[in-house]
Protein chains: 2
Amino acid sequence: MKLPERITIAEVGPRDGLQNLPDSVPTEIKLTLIEKLIAAGIKNIELTAFVHPKAIPRLADSADVASAITEKYRGDASLLFYALVPNVRGAENAARCGINTISVVISVSEAHNRANVNRTVAESIAGLKDITGAFPDMNVRLDAATAFGCPFEGDIPFERVLSLIDKGAALGVREAVLCDTIGIADPMRTEALIALVRSEFPELKFAVHLHDTRGTGLANSLVAMQCGITEFETSIGGLGGCPFAPGAAGNTATEDLWNMTERMGVNTGLAGEKLFEALDFVRDHIKGDLASRMCKVNAAACRP
Amino acid sequence: MKLPERITIAEVGPRDGLQNLPDSVPTEIKLTLIEKLIAAGIKNIELTAFVHPKAIPRLADSADVASAITEKYRGDASLLFYALVPNVRGAENAARCGINTISVVISVSEAHNRANVNRTVAESIAGLKDITGAFPDMNVRLDAATAFGCPFEGDIPFERVLSLIDKGAALGVREAVLCDTIGIADPMRTEALIALVRSEFPELKFAVHLHDTRGTGLANSLVAMQCGITEFETSIGGLGGCPFAPGAAGNTATEDLWNMTERMGVNTGLAGEKLFEALDFVRDHIKGDLASRMCKVNAAACRP
């Protein structure tokens, strides 16, 4: 089995994990969580989303969160903080808070893009053009949502994934994230899509964002690693989920991916004990019942 | 990715899943569950364990369960019913109930064997010899427990797994099950152990029993399939667990493995709709909060 020596686990819990919770999380709790994640060795963190508070009320404190963190850790070049933005205004707000890397989400599926942002895919690409035009120095990650399947359209032809990435690349995008938004990918499809995009776009950097909705998060991550992917977006505790399947599991849990990869000798740079401190904090202050498997192992071992 | 065309999913829920539940499950409920599993297309089922009721009170009705099922389905040669037995007396009771295939569990780890059955490994192997001697026509599956790691001893050298299987083979065993009893295997270790045992014992049939305690159940199953394994013991709903990590997830869920493999075109012979009927029955009559990922997806979709 051929695996990378090292992978980057990018934490998206503060954004993807907190945006759909039934209760609001106080800004102070968010900041403490992010600090604990950094203490555990996480280097890449999606801090928040700069969207209208009516669209995502749970992230209405995006400017406070991003400013506090970018100021506190200014000067530490090993850390990469990024945020989701939907439009030029969001990018402006992000830049004002010290954010130099942004995620722009566009669904490969028309129906999902319509449901998610009420735009056609073409309109979203035009919006991406506005952002890259207005912020030529901003590092833009294109999140290709529903790349492995859509709750409305089912399987998405790979040609449409290629087409979206191609249009992003033409606008200056240098990083794309293949998102299994509803956790419907299987290992064979994961292998096929990753091999295809890497061969079609050798100049781009690819990451994956694989939800664990159907329990395939780690199996798909394993295959992605074997295909040469070295950056994985995950969420502490497995926080997050899909609004189209309430109650189902969300993101692949950071600690579940950490456990599997470290056991295989793939270095993540994370300190397990500190990671579990962050996990305990999530369980105690944000959400008690987490989908993460390692959370339950840890709780069983520590609190018999 | 090279995968088998077809795999056998062997259901161990009625034994491994029900033995540790806090509440007793009425015999009638067990029988209905088994009938629903058969209706879903499951062909191989571990029905129960013929052990002393003081050791496993939840399976004190083993004779009733096994007799009722073997009588009801007598004549259907496509079905394979088996049961766990710890000694000659258990094998006698199993045979009396129409069971021709038995599982004998021996841990590779001395400490785990002691904790599990209060015997040394050598004493357990002597017990296996008594069974194969008394029942030369019985088909014996040797369950090599803790083959991938032990809660007391940690990693177990592969040589000890080989040694146990070798001793079993010398006693006439033709099938062995590599059991990840505490769900601690990773894909690389899974690949290495399976490749080793298949090359050392080409005349034996191997199955795997991979717990999902740390979320690696499907990733390890994928690797096992790529290594040529075609029989997987799983549990409906992910029922079961490890007494050494209370609250942690148990077996890989039957429906989670079904979903992943069928998506990849690997035939399981199971009918999804009927499988979810069995799953709903488990949730409604046996245990409400199941670790299975597909259970939550199904519940979210059907009951918004």
# chains A, B, ... in the order shown; residues from 1 in each chain; ligands from 1
>>> select_by_dssp(residues="region 93-258 of chain B", states="strand (DSSP E or B)", output="mmCIF file with N, CA and C atoms, in the first residue's frame")
data_model
loop_
_atom_site.group_PDB
_atom_site.id
_atom_site.type_symbol
_atom_site.label_atom_id
_atom_site.label_comp_id
_atom_site.auth_asym_id
_atom_site.auth_seq_id
_atom_site.Cartn_x
_atom_site.Cartn_y
_atom_site.Cartn_z
ATOM 1 N N THR B 101 -22.471 -26.191 11.733
ATOM 2 C CA THR B 101 -21.279 -25.336 11.643
ATOM 3 C C THR B 101 -21.158 -24.550 12.944
ATOM 4 N N ILE B 102 -19.971 -24.590 13.529
ATOM 5 C CA ILE B 102 -19.789 -23.879 14.796
ATOM 6 C C ILE B 102 -18.562 -22.973 14.725
ATOM 7 N N SER B 103 -18.644 -21.889 15.500
ATOM 8 C CA SER B 103 -17.497 -21.003 15.678
ATOM 9 C C SER B 103 -16.863 -21.298 17.027
ATOM 10 N N VAL B 104 -15.563 -21.468 17.022
ATOM 11 C CA VAL B 104 -14.836 -21.600 18.287
ATOM 12 C C VAL B 104 -13.897 -20.403 18.378
ATOM 13 N N VAL B 105 -14.082 -19.603 19.422
ATOM 14 C CA VAL B 105 -13.293 -18.381 19.571
ATOM 15 C C VAL B 105 -12.062 -18.652 20.422
ATOM 16 N N ILE B 106 -10.907 -18.356 19.883
ATOM 17 C CA ILE B 106 -9.673 -18.392 20.680
ATOM 18 C C ILE B 106 -8.932 -17.089 20.417
ATOM 19 N N SER B 107 -8.555 -16.400 21.493
ATOM 20 C CA SER B 107 -7.827 -15.147 21.307
ATOM 21 C C SER B 107 -6.366 -15.431 20.999
ATOM 22 N N ASN B 139 -18.504 -28.791 10.883
ATOM 23 C CA ASN B 139 -17.685 -27.773 10.231
ATOM 24 C C ASN B 139 -17.297 -26.725 11.271
ATOM 25 N N VAL B 140 -15.998 -26.594 11.531
ATOM 26 C CA VAL B 140 -15.536 -25.700 12.603
ATOM 27 C C VAL B 140 -14.871 -24.468 12.014
ATOM 28 N N ARG B 141 -15.354 -23.299 12.419
ATOM 29 C CA ARG B 141 -14.713 -22.032 12.075
ATOM 30 C C ARG B 141 -13.902 -21.598 13.294
ATOM 31 N N LEU B 142 -12.633 -21.321 13.070
ATOM 32 C CA LEU B 142 -11.801 -20.834 14.166
ATOM 33 C C LEU B 142 -11.791 -19.304 14.140
ATOM 34 N N ASP B 143 -12.387 -18.701 15.162
ATOM 35 C CA ASP B 143 -12.383 -17.235 15.283
ATOM 36 C C ASP B 143 -11.113 -16.812 16.007
ATOM 37 N N ALA B 144 -10.180 -16.228 15.284
ATOM 38 C CA ALA B 144 -8.938 -15.760 15.910
ATOM 39 C C ALA B 144 -9.159 -14.356 16.452
ATOM 40 N N ALA B 145 -9.557 -14.291 17.727
ATOM 41 C CA ALA B 145 -9.881 -12.992 18.344
ATOM 42 C C ALA B 145 -8.606 -12.195 18.604
ATOM 43 N N CYS B 150 -4.890 -6.038 20.871
ATOM 44 C CA CYS B 150 -5.520 -6.477 22.123
ATOM 45 C C CYS B 150 -5.627 -5.280 23.069
ATOM 46 N N GLY B 154 -1.819 -4.778 23.458
ATOM 47 C CA GLY B 154 -1.503 -3.923 22.315
ATOM 48 C C GLY B 154 -1.341 -4.721 21.038
ATOM 49 N N GLU B 175 -11.631 -23.380 8.089
ATOM 50 C CA GLU B 175 -12.041 -21.976 7.943
ATOM 51 C C GLU B 175 -11.573 -21.197 9.159
ATOM 52 N N ALA B 176 -10.994 -20.042 8.927
ATOM 53 C CA ALA B 176 -10.600 -19.188 10.048
ATOM 54 C C ALA B 176 -11.143 -17.786 9.818
ATOM 55 N N VAL B 177 -11.496 -17.137 10.918
ATOM 56 C CA VAL B 177 -12.014 -15.772 10.859
ATOM 57 C C VAL B 177 -11.032 -14.865 11.588
ATOM 58 N N LEU B 178 -10.484 -13.910 10.882
ATOM 59 C CA LEU B 178 -9.580 -12.937 11.512
ATOM 60 C C LEU B 178 -10.448 -11.867 12.162
ATOM 61 N N CYS B 179 -10.399 -11.804 13.485
ATOM 62 C CA CYS B 179 -11.309 -10.914 14.211
ATOM 63 C C CYS B 179 -10.566 -9.693 14.747
ATOM 64 N N ASP B 180 -11.058 -8.517 14.362
ATOM 65 C CA ASP B 180 -10.571 -7.283 14.974
ATOM 66 C C ASP B 180 -11.537 -6.966 16.108
ATOM 67 N N LYS B 205 -9.893 -21.391 4.128
ATOM 68 C CA LYS B 205 -10.787 -20.301 3.753
ATOM 69 C C LYS B 205 -10.750 -19.266 4.876
ATOM 70 N N PHE B 206 -10.606 -17.987 4.499
ATOM 71 C CA PHE B 206 -10.559 -16.939 5.517
ATOM 72 C C PHE B 206 -11.740 -15.981 5.378
ATOM 73 N N ALA B 207 -12.292 -15.610 6.518
ATOM 74 C CA ALA B 207 -13.276 -14.532 6.576
ATOM 75 C C ALA B 207 -12.727 -13.478 7.539
ATOM 76 N N VAL B 208 -13.361 -12.323 7.578
ATOM 77 C CA VAL B 208 -12.950 -11.295 8.545
ATOM 78 C C VAL B 208 -14.155 -10.825 9.352
ATOM 79 N N HIS B 209 -13.858 -10.351 10.527
ATOM 80 C CA HIS B 209 -14.858 -9.853 11.482
ATOM 81 C C HIS B 209 -14.242 -8.563 12.025
ATOM 82 N N LEU B 210 -14.621 -7.452 11.404
ATOM 83 C CA LEU B 210 -13.924 -6.181 11.662
ATOM 84 C C LEU B 210 -14.839 -5.214 12.397
ATOM 85 N N HIS B 211 -14.525 -4.953 13.633
ATOM 86 C CA HIS B 211 -15.337 -3.998 14.386
ATOM 87 C C HIS B 211 -15.057 -2.575 13.909
ATOM 88 N N GLU B 231 -15.751 -13.047 2.461
ATOM 89 C CA GLU B 231 -16.773 -13.249 3.492
ATOM 90 C C GLU B 231 -16.524 -12.295 4.651
ATOM 91 N N PHE B 232 -17.567 -11.561 5.024
ATOM 92 C CA PHE B 232 -17.469 -10.514 6.040
ATOM 93 C C PHE B 232 -18.546 -10.725 7.088
ATOM 94 N N GLU B 233 -18.124 -10.843 8.342
ATOM 95 C CA GLU B 233 -19.106 -10.925 9.426
ATOM 96 C C GLU B 233 -19.443 -9.499 9.877
ATOM 97 N N THR B 234 -20.713 -9.162 9.811
ATOM 98 C CA THR B 234 -21.164 -7.840 10.250
ATOM 99 C C THR B 234 -22.441 -8.003 11.059
ATOM 100 N N SER B 235 -22.923 -6.895 11.580
ATOM 101 C CA SER B 235 -24.064 -6.941 12.485
ATOM 102 C C SER B 235 -25.080 -5.874 12.084
ATOM 103 N N ASN B 251 -19.723 -3.751 16.035
ATOM 104 C CA ASN B 251 -19.431 -4.331 14.735
ATOM 105 C C ASN B 251 -19.642 -3.330 13.618
ATOM 106 N N ALA B 253 -21.568 -2.194 10.655
ATOM 107 C CA ALA B 253 -22.997 -2.422 10.411
ATOM 108 C C ALA B 253 -23.194 -3.102 9.055
#
>>> select_by_dssp(residues="region 26-232 of chain B", states="alpha helix (DSSP H)", output="ChimeraX atom specification")
/B:27-39,62-72,88-96,110-117,121-134,158-170,187-200,217-226
>>> residues_around(residues="Ala147 (chain B)", least_positions_apart="5", cutoff="9 Å", atoms="only C-alpha atoms", output="number ranges by chain")
B: 107-109, 155-158, 160-161, 178-181, 185, 193
>>> write_last_selection(atoms="N, CA and C atoms", output="CSV table (one decimal), in the first residue's frame")
chain,number,residue,atom,x,y,z
B,107,SER,N,-8.6,-16.4,21.5
B,107,SER,CA,-7.8,-15.1,21.3
B,107,SER,C,-6.4,-15.4,21.0
B,108,VAL,N,-5.8,-14.6,20.1
B,108,VAL,CA,-4.4,-14.7,19.9
B,108,VAL,C,-3.6,-14.2,21.1
B,109,SER,N,-4.2,-13.2,21.8
B,109,SER,CA,-3.6,-12.7,23.0
B,109,SER,C,-3.9,-13.5,24.2
B,155,ASP,N,-0.4,-4.3,20.2
B,155,ASP,CA,-0.2,-5.0,18.9
B,155,ASP,C,0.2,-6.5,19.2
B,156,ILE,N,-0.3,-7.4,18.4
B,156,ILE,CA,0.0,-8.8,18.6
B,156,ILE,C,0.9,-9.2,17.4
B,157,PRO,N,2.1,-9.8,17.7
B,157,PRO,CA,3.0,-10.2,16.5
B,157,PRO,C,2.2,-11.1,15.6
B,158,PHE,N,2.4,-10.9,14.3
B,158,PHE,CA,1.7,-11.8,13.4
B,158,PHE,C,2.1,-13.3,13.5
B,160,ARG,N,2.2,-15.0,16.1
B,160,ARG,CA,1.2,-15.6,17.0
B,160,ARG,C,-0.1,-15.9,16.4
B,161,VAL,N,-0.5,-15.1,15.4
B,161,VAL,CA,-1.7,-15.3,14.6
B,161,VAL,C,-1.5,-16.6,13.8
B,178,LEU,N,-10.5,-13.9,10.9
B,178,LEU,CA,-9.6,-12.9,11.5
B,178,LEU,C,-10.4,-11.9,12.2
B,179,CYS,N,-10.4,-11.8,13.5
B,179,CYS,CA,-11.3,-10.9,14.2
B,179,CYS,C,-10.6,-9.7,14.7
B,180,ASP,N,-11.1,-8.5,14.4
B,180,ASP,CA,-10.6,-7.3,15.0
B,180,ASP,C,-11.5,-7.0,16.1
B,181,THR,N,-11.3,-7.7,17.2
B,181,THR,CA,-12.3,-7.7,18.3
B,181,THR,C,-12.5,-6.3,18.9
B,185,ALA,N,-7.7,-2.3,14.2
B,185,ALA,CA,-6.9,-2.5,12.9
B,185,ALA,C,-6.9,-1.2,12.1
B,193,LEU,N,-1.6,-8.5,7.3
B,193,LEU,CA,-2.0,-9.7,8.0
B,193,LEU,C,-2.7,-10.7,7.0
>>> interface_residues(of="chain A", to="chain B", cutoff="10 Å", atoms="only C-alpha atoms", output="ChimeraX atom specification")
/A:1-3,184-189,191-192,212-223,244-249,252-253,255-257,259-265,291-304
>>> atom_distance(atom1="CA of Ala170 (chain B)", atom2="CA of His52 (chain B)")
27.8 Å
>>> atom_distance(atom1="CA of Ser67 (chain B)", atom2="CA of Pro26 (chain B)")
15.5 Å
>>> residues_around(residues="Ala40 (chain A)", least_positions_apart="2", cutoff="8 Å", atoms="only C-alpha atoms", output="ChimeraX atom specification")
/A:36-38,42,270-275,278
>>> residues_around(residues="Glu92 (chain B)", least_positions_apart="4", cutoff="10 Å", atoms="only C-alpha atoms", output="PyMOL selection string")
chain B and resi 50+85+87-88+96-97+99+131+134-135
>>> residues_around(residues="Lys72 (chain A)", least_positions_apart="2", cutoff="12 Å", atoms="only C-alpha atoms", output="PyMOL selection string")
chain A and resi 31+34-35+38+65-70+74-76+79+81+97-98
>>> write_last_selection(atoms="N, CA and C atoms", output="PDB file, in the first residue's frame")
ATOM      1  N   LEU A  31     -13.706  30.949  19.939  1.00  0.00           N
ATOM      2  CA  LEU A  31     -12.293  31.334  19.983  1.00  0.00           C
ATOM      3  C   LEU A  31     -11.479  30.318  20.791  1.00  0.00           C
ATOM      4  N   ILE A  34     -10.914  27.212  18.675  1.00  0.00           N
ATOM      5  CA  ILE A  34      -9.881  27.411  17.647  1.00  0.00           C
ATOM      6  C   ILE A  34      -8.494  27.398  18.293  1.00  0.00           C
ATOM      7  N   GLU A  35      -8.371  28.008  19.448  1.00  0.00           N
ATOM      8  CA  GLU A  35      -7.068  28.014  20.136  1.00  0.00           C
ATOM      9  C   GLU A  35      -6.658  26.593  20.541  1.00  0.00           C
ATOM     10  N   ILE A  38      -5.414  24.780  17.473  1.00  0.00           N
ATOM     11  CA  ILE A  38      -4.045  25.210  17.141  1.00  0.00           C
ATOM     12  C   ILE A  38      -3.058  24.568  18.111  1.00  0.00           C
ATOM     13  N   VAL A  65     -14.664  36.745  15.145  1.00  0.00           N
ATOM     14  CA  VAL A  65     -13.870  35.512  15.238  1.00  0.00           C
ATOM     15  C   VAL A  65     -12.593  35.643  14.411  1.00  0.00           C
ATOM     16  N   ALA A  66     -12.753  36.038  13.161  1.00  0.00           N
ATOM     17  CA  ALA A  66     -11.590  36.079  12.263  1.00  0.00           C
ATOM     18  C   ALA A  66     -10.578  37.122  12.737  1.00  0.00           C
ATOM     19  N   SER A  67     -11.058  38.294  13.114  1.00  0.00           N
ATOM     20  CA  SER A  67     -10.119  39.348  13.549  1.00  0.00           C
ATOM     21  C   SER A  67      -9.352  38.908  14.790  1.00  0.00           C
ATOM     22  N   ALA A  68     -10.063  38.350  15.755  1.00  0.00           N
ATOM     23  CA  ALA A  68      -9.401  37.951  16.999  1.00  0.00           C
ATOM     24  C   ALA A  68      -8.300  36.925  16.727  1.00  0.00           C
ATOM     25  N   ILE A  69      -8.596  35.966  15.881  1.00  0.00           N
ATOM     26  CA  ILE A  69      -7.620  34.892  15.635  1.00  0.00           C
ATOM     27  C   ILE A  69      -6.454  35.380  14.770  1.00  0.00           C
ATOM     28  N   THR A  70      -6.760  36.094  13.701  1.00  0.00           N
ATOM     29  CA  THR A  70      -5.649  36.538  12.842  1.00  0.00           C
ATOM     30  C   THR A  70      -4.740  37.501  13.606  1.00  0.00           C
ATOM     31  N   ARG A  74      -0.851  36.542  14.461  1.00  0.00           N
ATOM     32  CA  ARG A  74      -0.094  37.248  13.431  1.00  0.00           C
ATOM     33  C   ARG A  74       1.400  36.980  13.658  1.00  0.00           C
ATOM     34  N   GLY A  75       2.100  36.701  12.604  1.00  0.00           N
ATOM     35  CA  GLY A  75       3.535  36.447  12.751  1.00  0.00           C
ATOM     36  C   GLY A  75       3.868  34.974  12.758  1.00  0.00           C
ATOM     37  N   ASP A  76       2.858  34.122  12.953  1.00  0.00           N
ATOM     38  CA  ASP A  76       3.128  32.680  12.884  1.00  0.00           C
ATOM     39  C   ASP A  76       2.824  32.207  11.464  1.00  0.00           C
ATOM     40  N   LEU A  79       0.745  28.949  10.218  1.00  0.00           N
ATOM     41  CA  LEU A  79      -0.715  28.812  10.293  1.00  0.00           C
ATOM     42  C   LEU A  79      -1.386  29.392   9.057  1.00  0.00           C
ATOM     43  N   PHE A  81      -5.160  30.535   8.010  1.00  0.00           N
ATOM     44  CA  PHE A  81      -6.570  30.730   8.345  1.00  0.00           C
ATOM     45  C   PHE A  81      -7.326  31.091   7.077  1.00  0.00           C
ATOM     46  N   CYS A  97     -10.500  41.524   7.825  1.00  0.00           N
ATOM     47  CA  CYS A  97     -10.218  40.788   9.068  1.00  0.00           C
ATOM     48  C   CYS A  97      -8.904  40.008   8.988  1.00  0.00           C
ATOM     49  N   GLY A  98      -8.086  40.314   7.989  1.00  0.00           N
ATOM     50  CA  GLY A  98      -6.769  39.675   7.929  1.00  0.00           C
ATOM     51  C   GLY A  98      -6.742  38.322   7.258  1.00  0.00           C
TER      52      GLY A  98
END
>>> atom_distance(atom1="CA of Leu80 (chain A)", atom2="CA of Ile45 (chain A)")
6.4 Å
